[in-house]
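Trainee: Here you go, one structure.
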Amino acid sequence: MGIDSTNPHSRVPQNQTVRTYMASSTILVVALVILAISPAWHQSEKSLERKALSQAESIGFQLAESQISSRRNLAAVAGSISKDPWGLPYQYKMFEVAEGVRVEVWSQHSQQLKTFVEIPKNLVKKDQ
């Protein structure tokens with residue numbers, strides 16, 4: 001509360017030294033907590049990305065099968081469908097290839113979360 005009496009040349013009050021120590025300790029604790037949480041958050045993000053790719057592939061198969069079984073001619077179809085783990089709609093593009101249908105599906109969250117499905121017509125059960 002006064003000047004440090006153990007050091008006759010000190011002009012720094014003891015309570016200021018204590019406050020400086022507490023502030024430094026608080027910053028150190030916050031930094032350690034951030035470092036501890038960071039790997040868990042990164043792992044969670046990777047898990048969501050795997051889930052998004054899996055969902056995109058499933059959507060691609062469903063769209064391709066639907067198109068082939070409907071026996072409609074397909075010029076090119078694009079749109080959005082369902083939602084990814086981040087709440088954004090998946091985008092898709094569907095078009096015919098030589099002997100089937102190609103469907104590209106991707107998450108708006110990241111360009112890296114894109115997949116495609118190609119299904120030959122003879123592998124998809126057709127409704128009679």
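To be explicit about the labels: the chains of the structure tokens are called A, B, and onward in the order shown, and within each one the residues are counted from 1, while ligands get numbers from 1 in the order they are shown.
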Per DSSP on the backbone, what are the strand (DSSP E or B) residues of range 19-119 of chain A, as an NGL selection string?

Mentor: :A and (77-83 or 89-97 or 100-107 or 114-119)

Trainee: Any chance you can output those residues with N, CA and C atoms as a CSV table (one decimal), in the first residue's frame?

Mentor:
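Output (result_25.csv):
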chain,number,residue,atom,x,y,z
A,77,VAL,N,-29.1,-29.3,-64.7
A,77,VAL,CA,-29.9,-28.8,-63.6
A,77,VAL,C,-29.0,-28.4,-62.5
A,78,ALA,N,-29.3,-27.3,-61.9
A,78,ALA,CA,-28.5,-26.8,-60.8
A,78,ALA,C,-29.4,-26.2,-59.7
A,79,GLY,N,-28.9,-26.2,-58.5
A,79,GLY,CA,-29.8,-25.7,-57.5
A,79,GLY,C,-29.1,-25.9,-56.1
A,80,SER,N,-30.0,-25.7,-55.1
A,80,SER,CA,-29.5,-26.0,-53.7
A,80,SER,C,-30.5,-26.9,-53.1
A,81,ILE,N,-30.0,-27.7,-52.1
A,81,ILE,CA,-30.8,-28.7,-51.4
A,81,ILE,C,-30.2,-29.0,-50.0
A,82,SER,N,-31.0,-29.3,-49.1
A,82,SER,CA,-30.7,-29.7,-47.8
A,82,SER,C,-29.7,-28.6,-47.1
A,83,LYS,N,-29.2,-28.9,-46.0
A,83,LYS,CA,-28.2,-28.0,-45.3
A,83,LYS,C,-27.0,-28.8,-44.8
A,89,PRO,N,-27.0,-24.2,-47.3
A,89,PRO,CA,-27.5,-25.1,-48.3
A,89,PRO,C,-26.4,-25.7,-49.2
A,90,TYR,N,-26.5,-27.0,-49.4
A,90,TYR,CA,-25.6,-27.7,-50.4
A,90,TYR,C,-26.0,-27.2,-51.8
A,91,GLN,N,-25.0,-27.0,-52.6
A,91,GLN,CA,-25.3,-26.6,-54.0
A,91,GLN,C,-25.0,-27.8,-54.9
A,92,TYR,N,-25.8,-28.0,-56.0
A,92,TYR,CA,-25.5,-29.1,-56.8
A,92,TYR,C,-25.7,-28.7,-58.3
A,93,LYS,N,-25.1,-29.5,-59.1
A,93,LYS,CA,-25.1,-29.4,-60.6
A,93,LYS,C,-25.3,-30.9,-61.1
A,94,MET,N,-26.3,-31.1,-61.9
A,94,MET,CA,-26.5,-32.4,-62.4
A,94,MET,C,-26.6,-32.4,-63.9
A,95,PHE,N,-25.9,-33.3,-64.6
A,95,PHE,CA,-25.9,-33.3,-66.1
A,95,PHE,C,-25.6,-34.7,-66.5
A,96,GLU,N,-26.0,-35.0,-67.8
A,96,GLU,CA,-25.8,-36.3,-68.4
A,96,GLU,C,-24.4,-36.4,-68.9
A,97,VAL,N,-23.8,-37.6,-68.7
A,97,VAL,CA,-22.6,-38.0,-69.3
A,97,VAL,C,-22.9,-39.2,-70.2
A,100,GLY,N,-24.8,-42.2,-68.3
A,100,GLY,CA,-25.4,-42.0,-67.0
A,100,GLY,C,-25.6,-40.6,-66.7
A,101,VAL,N,-25.4,-40.4,-65.4
A,101,VAL,CA,-25.6,-39.0,-64.8
A,101,VAL,C,-24.5,-38.7,-63.9
A,102,ARG,N,-24.0,-37.5,-64.0
A,102,ARG,CA,-23.0,-36.9,-63.1
A,102,ARG,C,-23.6,-35.9,-62.3
A,103,VAL,N,-23.4,-36.0,-61.0
A,103,VAL,CA,-24.0,-35.0,-60.0
A,103,VAL,C,-22.8,-34.5,-59.2
A,104,GLU,N,-22.6,-33.2,-59.2
A,104,GLU,CA,-21.6,-32.5,-58.4
A,104,GLU,C,-22.3,-31.9,-57.2
A,105,VAL,N,-21.9,-32.1,-56.0
A,105,VAL,CA,-22.5,-31.5,-54.8
A,105,VAL,C,-21.4,-30.9,-54.0
A,106,TRP,N,-21.6,-29.7,-53.5
A,106,TRP,CA,-20.6,-29.1,-52.6
A,106,TRP,C,-21.3,-28.2,-51.5
A,107,SER,N,-20.5,-28.0,-50.5
A,107,SER,CA,-20.9,-27.2,-49.4
A,107,SER,C,-20.4,-25.7,-49.6
A,114,LYS,N,-16.3,-30.6,-51.8
A,114,LYS,CA,-17.0,-30.8,-53.1
A,114,LYS,C,-16.8,-32.3,-53.4
A,115,THR,N,-17.8,-32.9,-53.9
A,115,THR,CA,-17.7,-34.3,-54.4
A,115,THR,C,-18.6,-34.5,-55.6
A,116,PHE,N,-18.4,-35.6,-56.3
A,116,PHE,CA,-19.2,-35.9,-57.4
A,116,PHE,C,-19.6,-37.3,-57.5
A,117,VAL,N,-20.7,-37.6,-58.1
A,117,VAL,CA,-21.1,-39.0,-58.2
A,117,VAL,C,-21.4,-39.2,-59.7
A,118,GLU,N,-21.0,-40.3,-60.3
A,118,GLU,CA,-21.3,-40.7,-61.6
A,118,GLU,C,-22.0,-42.1,-61.5
A,119,ILE,N,-23.1,-42.2,-62.0
A,119,ILE,CA,-23.9,-43.5,-62.0
A,119,ILE,C,-24.3,-43.9,-63.4

Trainee: Just to confirm, what's the straight-line distance from CA of Phe61 in chain A to CA of Pro85 in chain A in Å (one decimal)?

Mentor: 18.7 Å

Trainee: Quick one: pull the distance between CA of Ala98 in chain A and CA of Gln62 in chain A, Å, one decimal.

Mentor: 19.3 Å
